[in-house]
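For reference, my_file_27.cif is printed below; it contains mmCIF, C-alpha atoms.
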data_structure
loop_
_atom_site.label_atom_id
_atom_site.label_comp_id
_atom_site.auth_asym_id
_atom_site.auth_seq_id
_atom_site.Cartn_x
_atom_site.Cartn_y
_atom_site.Cartn_z
CA MET T 1 13.57 49.09 73.04
CA GLY T 2 13.18 51.65 75.84
CA LYS T 3 11.23 51.24 79.04
CA THR T 4 7.56 52.23 79.03
CA VAL T 5 5.18 53.56 81.66
CA LEU T 6 1.43 54.04 81.32
CA VAL T 7 -0.16 56.63 83.63
CA THR T 8 -3.96 56.80 83.78
CA GLY T 9 -5.32 60.29 84.37
CA GLY T 10 -1.84 61.42 83.48
CA SER T 11 -2.46 65.11 82.87
CA GLY T 12 -3.74 65.99 86.36
CA GLU T 13 -1.73 67.47 89.24
CA ILE T 14 -0.16 64.23 90.44
CA GLY T 15 -0.25 62.41 87.11
CA SER T 16 1.66 65.11 85.24
CA ALA T 17 4.40 65.13 87.88
CA ILE T 18 4.71 61.34 87.57
CA CYS T 19 4.88 61.55 83.78
CA LYS T 20 7.60 64.21 83.89
CA LYS T 21 9.65 62.24 86.39
CA PHE T 22 9.64 59.08 84.28
CA ALA T 23 10.23 60.92 80.99
CA ALA T 24 13.20 62.76 82.50
CA ASN T 25 14.69 59.36 83.34
CA GLY T 26 14.39 57.89 79.87
CA PHE T 27 10.98 56.21 79.95
CA ASP T 28 8.52 56.39 77.08
CA VAL T 29 5.30 57.72 78.63
CA ILE T 30 1.74 56.78 77.69
CA ILE T 31 -0.84 59.18 79.11
CA THR T 32 -4.53 58.37 79.26
CA TYR T 33 -7.22 60.98 79.74
CA ASN T 34 -10.98 61.09 79.98
CA SER T 35 -11.98 64.39 78.37
CA ASN T 36 -9.24 67.07 78.37
CA SER T 37 -7.26 66.26 75.24
CA GLU T 38 -5.66 69.71 75.04
CA ARG T 39 -4.18 69.42 78.49
CA ALA T 40 -2.85 65.94 77.76
CA GLU T 41 -1.23 67.10 74.50
CA ARG T 42 0.37 70.09 76.26
CA LEU T 43 1.89 67.70 78.76
CA ILE T 44 3.25 65.49 75.98
CA GLN T 45 4.98 68.55 74.52
CA ALA T 46 6.44 69.44 77.92
CA LEU T 47 8.00 66.02 78.53
CA SER T 48 11.66 65.23 77.96
CA PRO T 49 12.19 63.75 74.47
CA GLY T 50 10.89 60.24 73.96
CA ASN T 51 8.32 58.09 72.20
CA HIS T 52 5.40 59.49 74.19
CA MET T 53 1.69 59.24 73.47
CA ALA T 54 -1.60 60.60 74.83
CA ILE T 55 -4.81 58.69 74.21
CA LYS T 56 -8.39 59.01 75.39
CA ALA T 57 -9.24 55.92 77.42
CA PRO T 58 -11.61 56.29 80.39
CA THR T 59 -10.88 53.47 82.83
CA THR T 60 -14.61 52.85 83.22
CA ASP T 61 -14.96 52.04 79.51
CA ALA T 62 -14.05 48.38 78.85
CA ASP T 63 -13.95 48.83 75.08
CA ALA T 64 -11.65 51.86 75.37
CA ILE T 65 -9.27 49.89 77.61
CA LEU T 66 -9.09 47.01 75.13
CA GLU T 67 -8.43 49.44 72.27
CA LEU T 68 -5.73 51.11 74.39
CA LYS T 69 -4.07 47.74 74.96
CA LYS T 70 -3.98 47.08 71.21
CA VAL T 71 -2.36 50.46 70.56
CA VAL T 72 0.24 49.99 73.29
CA GLN T 73 1.06 46.47 72.13
CA LYS T 74 1.47 47.58 68.52
CA GLN T 75 3.55 50.68 69.28
CA TYR T 76 5.62 49.53 72.26
CA GLY T 77 5.39 45.74 72.36
CA CYS T 78 5.17 45.52 76.14
CA LEU T 79 4.77 47.62 79.27
CA ASP T 80 7.19 47.98 82.19
CA VAL T 81 5.11 50.09 84.58
CA LEU T 82 1.40 50.75 85.02
CA VAL T 83 0.44 53.65 87.27
CA ASN T 84 -3.25 53.63 88.21
CA ASN T 85 -3.65 57.31 88.95
CA ALA T 86 -7.10 58.16 87.55
CA GLY T 87 -9.58 59.00 90.28
CA ILE T 88 -12.57 61.18 91.10
CA THR T 89 -14.36 62.52 94.15
CA THR T 90 -16.79 65.20 95.28
CA PRO T 91 -17.00 66.97 98.66
CA VAL T 92 -19.77 65.60 100.89
CA ASP T 93 -19.64 65.90 104.67
CA HIS T 94 -19.41 62.47 106.28
CA LYS T 95 -22.43 63.28 108.46
CA ASP T 96 -24.54 64.09 105.40
CA LEU T 97 -25.59 60.56 104.49
CA GLU T 98 -28.35 61.76 102.17
CA GLY T 99 -25.92 64.06 100.38
CA LEU T 100 -23.82 61.16 99.13
CA THR T 101 -26.06 59.85 96.37
CA ASP T 102 -26.07 56.36 94.92
CA ALA T 103 -24.98 57.84 91.60
CA TRP T 104 -21.86 59.39 93.13
CA ILE T 105 -21.05 56.25 95.12
CA ASP T 106 -21.17 54.23 91.91
CA LYS T 107 -19.08 56.75 89.95
CA ILE T 108 -16.40 56.90 92.62
CA MET T 109 -16.14 53.14 93.07
CA GLN T 110 -16.22 52.50 89.33
CA THR T 111 -13.37 54.91 88.64
CA ASN T 112 -11.19 54.63 91.73
CA PHE T 113 -11.45 50.88 92.30
CA ARG T 114 -13.00 49.07 89.34
CA GLY T 115 -11.10 51.14 86.80
CA SER T 116 -7.77 50.34 88.41
CA PHE T 117 -8.61 46.64 88.52
CA ALA T 118 -9.73 46.73 84.89
CA MET T 119 -6.39 48.24 83.85
CA ALA T 120 -4.41 45.63 85.77
CA ARG T 121 -6.55 42.87 84.26
CA ALA T 122 -6.14 44.18 80.72
CA PHE T 123 -2.40 44.91 80.84
CA LYS T 124 -1.23 41.93 82.89
CA ASP T 125 0.01 40.06 79.83
CA LEU T 126 1.95 43.04 78.45
CA LEU T 127 3.53 43.59 81.86
CA VAL T 128 4.55 39.94 82.14
CA ASN T 129 6.22 40.22 78.71
CA SER T 130 8.30 43.19 79.85
CA ASP T 131 12.05 42.84 79.32
CA GLU T 132 12.51 43.72 82.97
CA GLN T 133 12.70 40.79 85.41
CA THR T 134 9.78 42.21 87.37
CA ALA T 135 7.23 44.70 86.03
CA VAL T 136 5.38 47.02 88.41
CA ILE T 137 1.84 48.23 89.02
CA VAL T 138 1.63 51.31 91.24
CA ASN T 139 -1.81 52.25 92.56
CA ILE T 140 -2.18 55.88 93.64
CA SER T 141 -4.18 55.56 96.83
CA SER T 142 -4.72 58.01 99.71
CA ILE T 143 -4.34 58.05 103.46
CA ALA T 144 -8.12 58.56 103.38
CA GLY T 145 -8.29 54.81 102.87
CA ILE T 146 -6.48 54.30 106.18
CA PHE T 147 -7.86 57.23 108.17
CA GLY T 148 -11.47 57.14 106.98
CA ILE T 149 -11.20 60.92 106.74
CA GLY T 150 -11.52 62.51 103.31
CA SER T 151 -13.75 64.26 100.81
CA ASN T 152 -16.59 61.78 101.37
CA VAL T 153 -17.29 58.32 102.76
CA ALA T 154 -17.30 56.62 99.36
CA TYR T 155 -13.94 58.14 98.43
CA CYS T 156 -12.38 56.78 101.63
CA ALA T 157 -13.93 53.37 100.96
CA SER T 158 -12.67 53.36 97.36
CA LYS T 159 -9.09 53.99 98.47
CA ALA T 160 -9.32 51.32 101.17
CA ALA T 161 -10.54 48.95 98.45
CA LEU T 162 -7.61 49.98 96.25
CA ASP T 163 -5.14 49.16 99.05
CA SER T 164 -6.81 45.80 99.61
CA MET T 165 -6.58 45.11 95.88
CA THR T 166 -2.87 45.98 96.00
CA ARG T 167 -2.27 43.24 98.55
CA SER T 168 -4.42 40.71 96.68
CA LEU T 169 -2.82 41.36 93.30
CA ALA T 170 0.68 41.38 94.82
CA ARG T 171 0.09 37.76 95.78
CA ALA T 172 -1.73 36.80 92.60
CA LEU T 173 0.72 38.35 90.13
CA ALA T 174 4.01 37.47 91.84
CA PRO T 175 6.77 36.91 90.96
CA LYS T 176 6.55 38.55 87.51
CA ILE T 177 4.66 41.69 88.58
CA ARG T 178 5.08 43.71 91.76
CA VAL T 179 2.10 45.73 93.04
CA VAL T 180 2.45 48.65 95.45
CA SER T 181 0.18 51.46 96.69
CA VAL T 182 1.57 54.98 97.00
CA SER T 183 -0.69 56.75 99.47
CA PRO T 184 -0.48 60.58 99.62
CA GLY T 185 -2.06 62.88 102.15
CA PHE T 186 -3.08 66.35 100.99
CA VAL T 187 -1.25 67.37 97.80
CA GLU T 188 -0.76 71.10 97.26
CA GLY T 189 -2.26 72.38 94.00
CA GLU T 190 -5.54 72.14 92.14
CA TYR T 191 -7.42 70.19 94.80
CA THR T 192 -6.33 72.25 97.80
CA ALA T 193 -7.09 75.48 95.89
CA ASN T 194 -10.80 74.71 96.28
CA ILE T 195 -10.73 73.94 100.02
CA ASP T 196 -11.37 76.39 102.85
CA SER T 197 -8.07 77.99 103.89
CA LYS T 198 -8.84 77.70 107.61
CA PHE T 199 -9.38 73.96 107.27
CA LEU T 200 -6.16 73.61 105.29
CA LYS T 201 -4.20 75.47 107.97
CA GLU T 202 -5.58 73.11 110.61
CA GLN T 203 -4.45 70.13 108.53
CA ARG T 204 -0.99 71.59 107.98
CA ASP T 205 -0.67 72.20 111.71
CA LYS T 206 -1.47 68.52 112.31
CA THR T 207 1.23 67.42 109.85
CA PRO T 208 4.56 66.80 111.63
CA LEU T 209 6.63 68.07 108.68
CA GLY T 210 4.56 71.26 108.63
CA HIS T 211 3.43 71.32 105.01
CA PHE T 212 1.59 69.31 102.37
CA ALA T 213 3.17 67.23 99.64
CA MET T 214 3.72 68.59 96.17
CA GLY T 215 2.99 66.54 93.08
CA ASN T 216 6.70 65.90 92.66
CA ASP T 217 6.89 64.32 96.14
CA VAL T 218 4.40 61.70 94.98
CA ALA T 219 6.22 61.29 91.67
CA LYS T 220 9.53 60.66 93.46
CA ALA T 221 7.87 58.02 95.63
CA VAL T 222 6.40 56.25 92.59
CA PHE T 223 9.74 56.34 90.77
CA SER T 224 11.51 54.99 93.86
CA VAL T 225 9.03 52.11 94.09
CA VAL T 226 9.86 51.18 90.50
CA THR T 227 13.63 51.70 90.50
CA GLN T 228 14.83 51.41 94.11
CA LEU T 229 12.37 49.44 96.24
CA THR T 230 12.72 46.41 94.03
CA PHE T 231 12.09 43.86 96.81
CA SER T 232 8.81 45.45 97.89
CA THR T 233 5.36 44.24 96.87
CA GLY T 234 1.94 44.46 98.51
CA ASN T 235 3.10 47.51 100.46
CA ILE T 236 1.30 50.78 101.15
CA ILE T 237 3.81 53.62 101.07
CA THR T 238 2.53 56.86 102.58
CA VAL T 239 3.60 60.28 101.32
CA ASP T 240 1.93 62.39 103.98
CA GLY T 241 4.56 64.28 105.97
CA GLY T 242 3.77 62.09 108.97
CA ARG T 243 0.08 63.02 108.98
CA LEU T 244 -0.92 59.54 110.17
CA LEU T 245 0.97 60.25 113.40
#

Rewritten as structure tokens:
Amino acid sequence: MGKTVLVTGGSGEIGSAICKKFAANGFDVIITYNSNSERAERLIQALSPGNHMAIKAPTTDADAILELKKVVQKQYGCLDVLVNNAGITTPVDHKDLEGLTDAWIDKIMQTNFRGSFAMARAFKDLLVNSDEQTAVIVNISSIAGIFGIGSNVAYCASKAALDSMTRSLARALAPKIRVVSVSPGFVEGEYTANIDSKFLKEQRDKTPLGHFAMGNDVAKAVFSVVTQLTFSTGNIITVDGGRLL
């Protein structure tokens, strides 16, 4: 039986790059999506050959997660890698406290933090039963969780919570499951296309390597965590071109 990876929010900018990287290296890829089934199916068709699957399973829906687990267990038997990539945000200036509504705070925390925990909780047993000596959970975080600078205050807090969860679960799930955060800075593509170009230039100028990451830079980091950094757990690995400097 081949190796399997499940990527939540797999058809987005970063998620699709991760899926392609794993599929190109012989993994069977399970993509979850919230609403855009057409995009997810197009990605499935674009992947290197394998036993791939796309399924609607919002990480905020407990029943959908349990149904997803049943499908994965029946079709694949176990899971080698879980990539918690699904996330949401909305632009609200950090000074605009009234602009960040309770509804948006709840949505962001439920998806970015609670959803990732719910996936780890649900798939722990399938990961432990992996044929690999150590299965892996990779949480896609953000340097916003370290910097406190990002699209809004709640988004930064959600990524800080995700990093804290990475450390907690790395202790709790060892030695059978490793848990690592991959923490990008700005990623060129869909998100940056909607941001003021002057602001983006300022951020590029503050980045020692002089440019933003591409989705494939994040994908390579995730794949390295799984296949090369095999003695790492509880770590936060930044993919930011030195932006934290």

So what does the PyMOL selection byres ((chain T and resi 43-50) around 8) actually pick up in this one, as a tab-separated table (two decimals) with C-alpha atoms, in the frame of the given file?
chain	number	residue	atom	x	y	z
T	11	SER	CA	-2.46	65.11	82.87
T	16	SER	CA	1.66	65.11	85.24
T	19	CYS	CA	4.88	61.55	83.78
T	20	LYS	CA	7.60	64.21	83.89
T	23	ALA	CA	10.23	60.92	80.99
T	24	ALA	CA	13.20	62.76	82.50
T	26	GLY	CA	14.39	57.89	79.87
T	27	PHE	CA	10.98	56.21	79.95
T	28	ASP	CA	8.52	56.39	77.08
T	29	VAL	CA	5.30	57.72	78.63
T	39	ARG	CA	-4.18	69.42	78.49
T	40	ALA	CA	-2.85	65.94	77.76
T	41	GLU	CA	-1.23	67.10	74.50
T	42	ARG	CA	0.37	70.09	76.26
T	51	ASN	CA	8.32	58.09	72.20
T	52	HIS	CA	5.40	59.49	74.19
T	53	MET	CA	1.69	59.24	73.47
T	54	ALA	CA	-1.60	60.60	74.83

Have a look at atom CA of Asn34 of chain T and atom CA of Lys56 of chain T and let me know their distance in Å, one decimal. 5.7 Å

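Residue selection for this entry, given the PyMOL selection byres ((chain T and resi 83) around 9), comprises T:Val5, T:Leu6, T:Val7, T:Thr8, T:Gly10, T:Gly15, T:Ile18, T:Val81, T:Leu82, T:Asn84, T:Asn85, T:Ala86, T:Ser116, T:Val136, T:Ile137, T:Val138, T:Asn139, T:Ile140, T:Val222.
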
Taking the file above as input, evaluate the PyMOL selection byres ((chain T and resi 163) around 8) and report the hits as a list in words.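 Residues picked by the PyMOL selection byres ((chain T and resi 163) around 8): Asn139, Ser141, Gly145, Lys159, Ala160, Ala161, Leu162, Ser164, Met165, Thr166, Arg167, Ser181 and Ile236 of chain T.
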
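Nearest to Ala64 of chain T of all the residues T:Gly12, T:Gly115, T:Gly241, T:Pro208 is T:Gly115, based on all atoms listed in the file.
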
Hey, can you check how far atom CA of Phe22 of chain T sits from atom CA of Phe223 of chain T?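 Answer for the atom CA of Phe22 of chain T to atom CA of Phe223 of chain T separation: 7.0 Å.
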
Please indicate the distance in Å from atom CA of Ala144 of chain T to atom CA of Asn36 of chain T, rounded to one decimal place. 26.4 Å

Return as JSON the box centre and box size in Å, one decimal, for an axis-aligned box around all listed atoms of segment 178-183 of chain T padded by 4 Å per side.
{"center_x": 2.2, "center_y": 50.2, "center_z": 95.6, "size_x": 13.8, "size_y": 21.0, "size_z": 15.7}

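Nearest-residue note for Val182 of chain T: choosing from T:Leu169, T:Val226, T:Ile237, T:Met214, the minimum distance belongs to T:Ile237, counting all atoms listed in the file.
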
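In this comparison, which uses all atoms listed in the file, the residue of T:Thr207, T:Asn112, T:Thr4, T:Asn194 approaching Cys78 of chain T most closely is T:Thr4.
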
Would you mind telling me which residue in T:Lys69, T:Lys21, T:Arg178, T:Arg243 lies nearest to Asp205 of chain T when using all atoms listed in the file?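 Closest to Asp205 of chain T of all the choices is T:Arg243.
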
Nearest residue to Gly234 of chain T from the set T:Gln75, T:Ala170, T:Tyr33, T:Lys201 (distances using only C-alpha atoms): T:Ala170

Return the single residue from T:Ala154, T:Val239, T:Ala122, T:Leu68 that is closest to Ile88 of chain T, with distances computed using all atoms listed in the file. T:Ala154

Write out as a list in words the residues lying within 8 Å of segment 93-100 of chain T, counting only C-alpha atoms and excluding same-chain residues fewer than 3 positions away. Trp104, Ile105, Ser151, Asn152, Val153 and Ala154 of chain T

Could the residues in this selection be saved with C-alpha atoms as an mmCIF file, in the coordinates of the input?
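part.cif was written with the following content:
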data_model
loop_
_atom_site.group_PDB
_atom_site.id
_atom_site.type_symbol
_atom_site.label_atom_id
_atom_site.label_comp_id
_atom_site.auth_asym_id
_atom_site.auth_seq_id
_atom_site.Cartn_x
_atom_site.Cartn_y
_atom_site.Cartn_z
ATOM 1 C CA TRP T 104 -21.860 59.390 93.130
ATOM 2 C CA ILE T 105 -21.050 56.250 95.120
ATOM 3 C CA SER T 151 -13.750 64.260 100.810
ATOM 4 C CA ASN T 152 -16.590 61.780 101.370
ATOM 5 C CA VAL T 153 -17.290 58.320 102.760
ATOM 6 C CA ALA T 154 -17.300 56.620 99.360
#

Thr111 of chain T: which residues within 9 Å, counting only C-alpha atoms, same-chain residues fewer than 6 positions away excluded, as a ChimeraX atom specification? /T:58-60,86-88,158

Expected residue set, 7 Å radius at (-5.0, 63.4, 100.1), all atoms listed in the file, as a PDB file with C-alpha atoms, in the coordinates of the input:
ATOM      1  CA  SER T 142      -4.720  58.010  99.710  1.00  0.00           C
ATOM      2  CA  ILE T 143      -4.340  58.050 103.460  1.00  0.00           C
ATOM      3  CA  ALA T 144      -8.120  58.560 103.380  1.00  0.00           C
ATOM      4  CA  PRO T 184      -0.480  60.580  99.620  1.00  0.00           C
ATOM      5  CA  GLY T 185      -2.060  62.880 102.150  1.00  0.00           C
ATOM      6  CA  PHE T 186      -3.080  66.350 100.990  1.00  0.00           C
ATOM      7  CA  VAL T 187      -1.250  67.370  97.800  1.00  0.00           C
TER       8      VAL T 187
END
